[in-house]
Structures are given as structure tokens and as C-alpha cells.
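Undergrad: What follows is a structure written as C-alpha cells; I'll ask about it next.
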Amino acid sequence: MELSKRLKSIIDLADHCHKIVDVGTDHGYVPIFMVQNSICSFAVASDINKGPVEKARINVSMEGLSNKIDCRKGPGLSTIKKGEADAAIIAGMGGNLIRDIIEEDISIVKTLKYMILQPVQNPEVIRKYLYHKGFYIIDEELCYEEGIFYEIIKAKYGSKPKEDIEEIYYEISPILIEKKHPLLKDYLNYKINRYKNIYNNITEMTPGALTRKNQVSYYIIKLEEMLKCL
């Protein structure tokens with residue numbers, strides 16, 4: 001099975017586990033690949049919409065894996081019971097929604113060996129949530145596909161004490177910096193240009209607008225400092 005760079009990057013962060021749940025499974029490609037390659041023994045392919053669940057069910061059946069991958073319809077982690085899975089992938093949705101999914105079923109999340117989270121926007125929301133809610137970020141990855149950067153976060157609950165970090169590190173992962181990730185320079189340039197555009201488009205002089213402008217200015221300065229150090 002040929003996987004996209006994004007899906008391959010998600011799977012590359014996965015450890016071997018017994019049973020994984022893939023939230024927002026779409027066509028079921030990730031659990032199919034993981035079972036076929038013995039990364040996990042069983043999987044739940046979960047999606048809130050009927051269409052993706054049916055597509056996943058067809059693909060699972062075609063691969064002869066109906067006895068190892070269960071396709072379920074439902075929101076977030078509500079499709080599994082506490083202790084049923086030992087790892088989770090939550091991918092392909094906004095950072096705010098991923099945060100809400102984790103918070104909604106936090107009792108399930110606390111039992112997982114790890115989660116792999118891949119937001120399509122607002123990764124800083126997830127990172128801030130994890131740092132302040134007792135999670136440990138194990139690893140992070142960055143990939144670029146069809147003109148889009150994707151940040152991928154691997155985390156688990158309660159492995160390390162809360163860390164106090166500077167706000168800019170919600171925007172850019174300290175792990176990616178430590179790794180000297182090969183895509184980091186391009187990603188920093190992308191974020192700098194994005195924030196410069198935001199800054200230039202803030203034309204109001206209200207207190208809220210000025211606060212936002214100061215915040216964006218701070219991001220630009222810090223990101224440029226990081227870029228100079230690479």
C-alpha cells in the first residue's frame with residue numbers, strides 16, 4: 001500500500017502496540033498498514049461520519065483484515081472503551097478539535113501508552129494544552145506535502161513534571177530545534193512570512209488589535225532569532 005508522506009510520517013512515530021485506535025480514519029489506510037506490517041495486532045478505525053467508515057470497511061475487507069480491524073462510527077474516542085486500546089492516532093483535523101477530543105475522554109487518554117496527534121492547523125493549541133495538562137511530549141516530526149507543512153506530535157500522559165517554557169515554543173517545537181530537523185529552516189521562513197502578513201493586515205487601533213499586533217511582533221522577532229541560529 002502506497003502511503004502519503006503525511007501518513008507515513010505519522011506511522012514512523014508509532015511504537016509497536018497491541019491495539020490502536022485511529023480517530024478520523026478516513027479510508028482506513030493507517031490501521032491497514034500498521035496491522036499488515038505488525039506494528040499493532042488489532043485496530044479500531046474510527047470516524048464521526050458514515051462515508052469514511054464505509055470506505056474504511058470496504059478497504060479493510062478487500063485486504064482480508066476484517067477480523068483484525070474494527071470500523072466504528074462515532075465522535076473522538078467515544079468509539080472505544082477504557083482499556084480497549086493502548087495507543088491512539090488523532091489526525092487530519094484542527095488543533096482545537098484534537099484538544100477537545102482529548103479533554104472529552106481524558107480518562108481513556110490517561111491509560112494510553114502514547115498518542116500521535118497531527119493537526120491540520122493550530123498545532124500551538126495542542127502543544128500548549130499538553131504542556132499545561134500533565135502530558136509529556138515524547139517526540140515530534142515535521143513533513144511537507146503538496147505545499148503544506150504538517151507538525152506531528154507524539155505524547156503520553158503523566159511521564160514528566162510540567163515544564164515552564166517560553167510562549168514561542170508553543171509555536172515551534174523545542175524537539176524539532178534540538179533535532180535540527182532538515183525542514184525546520186523552511187518552516188521558520190514560512191511562519192515568519194505568515195506572521196508578517198498578519199501583522200501588516202492588523203490596521204485597527206483598538207486595544208485588542210494592538211495586543212494582537214504586539215504578540216505577532218514578538219513571534220516574528222523570536223522566529224527570526226531561531227532562524228539565525230540554524
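Labels used: A, B, ... for chains in the order of the C-alpha cells, numbers from 1 for residues in each chain, and numbers from 1 for ligands as shown.
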Please provide as an MDAnalysis selection string all residues within 9 Å of Leu227 in chain A, with the sequence filter that same-chain residues fewer than 2 positions apart are discarded (counting only C-alpha atoms).

TA: chainID A and resid 184:185 188:189 222:225 229:230

Undergrad: For range 215-220 of chain A, work out the shell of residues within 7 Å, counting only C-alpha atoms and skipping chain neighbours fewer than 2 positions away, then give it as a VMD selection string.

TA: chain A and resid 168 192 195 199 211 to 213 222 to 224

Undergrad: Between A:Thr111, A:Thr25, A:Asn122, A:Ser41, which one has atoms that come closest to Glu151 in chain A, using only C-alpha atoms?

TA: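 Comparing A:Thr111, A:Thr25, A:Asn122, A:Ser41 against Glu151 in chain A, the winner is A:Asn122.
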
Undergrad: May I have a table of the residues of range 46-100 of chain A lying at most 12 Å from range 137-150 of chain A, giving each one's closest pair of atoms and their distance in Å to one decimal, counting only C-alpha atoms, ordered by chain and ascending residue number, as a Markdown table?

TA:
| residue | atom | partner | partner_atom | distance |
| --- | --- | --- | --- | --- |
| A:Ala91 | CA | A:Tyr150 | CA | 10.4 |
| A:Gly92 | CA | A:Tyr150 | CA | 9.7 |
| A:Met93 | CA | A:Tyr150 | CA | 11.3 |
| A:Gly94 | CA | A:Tyr150 | CA | 11.5 |
| A:Gly95 | CA | A:Tyr150 | CA | 11.6 |

Undergrad: Counting only C-alpha atoms, which residue out of A:Ile48, A:Ser38, A:Pro123, A:Ile152 sits closest to Lys5 in chain A?

TA: A:Ile152
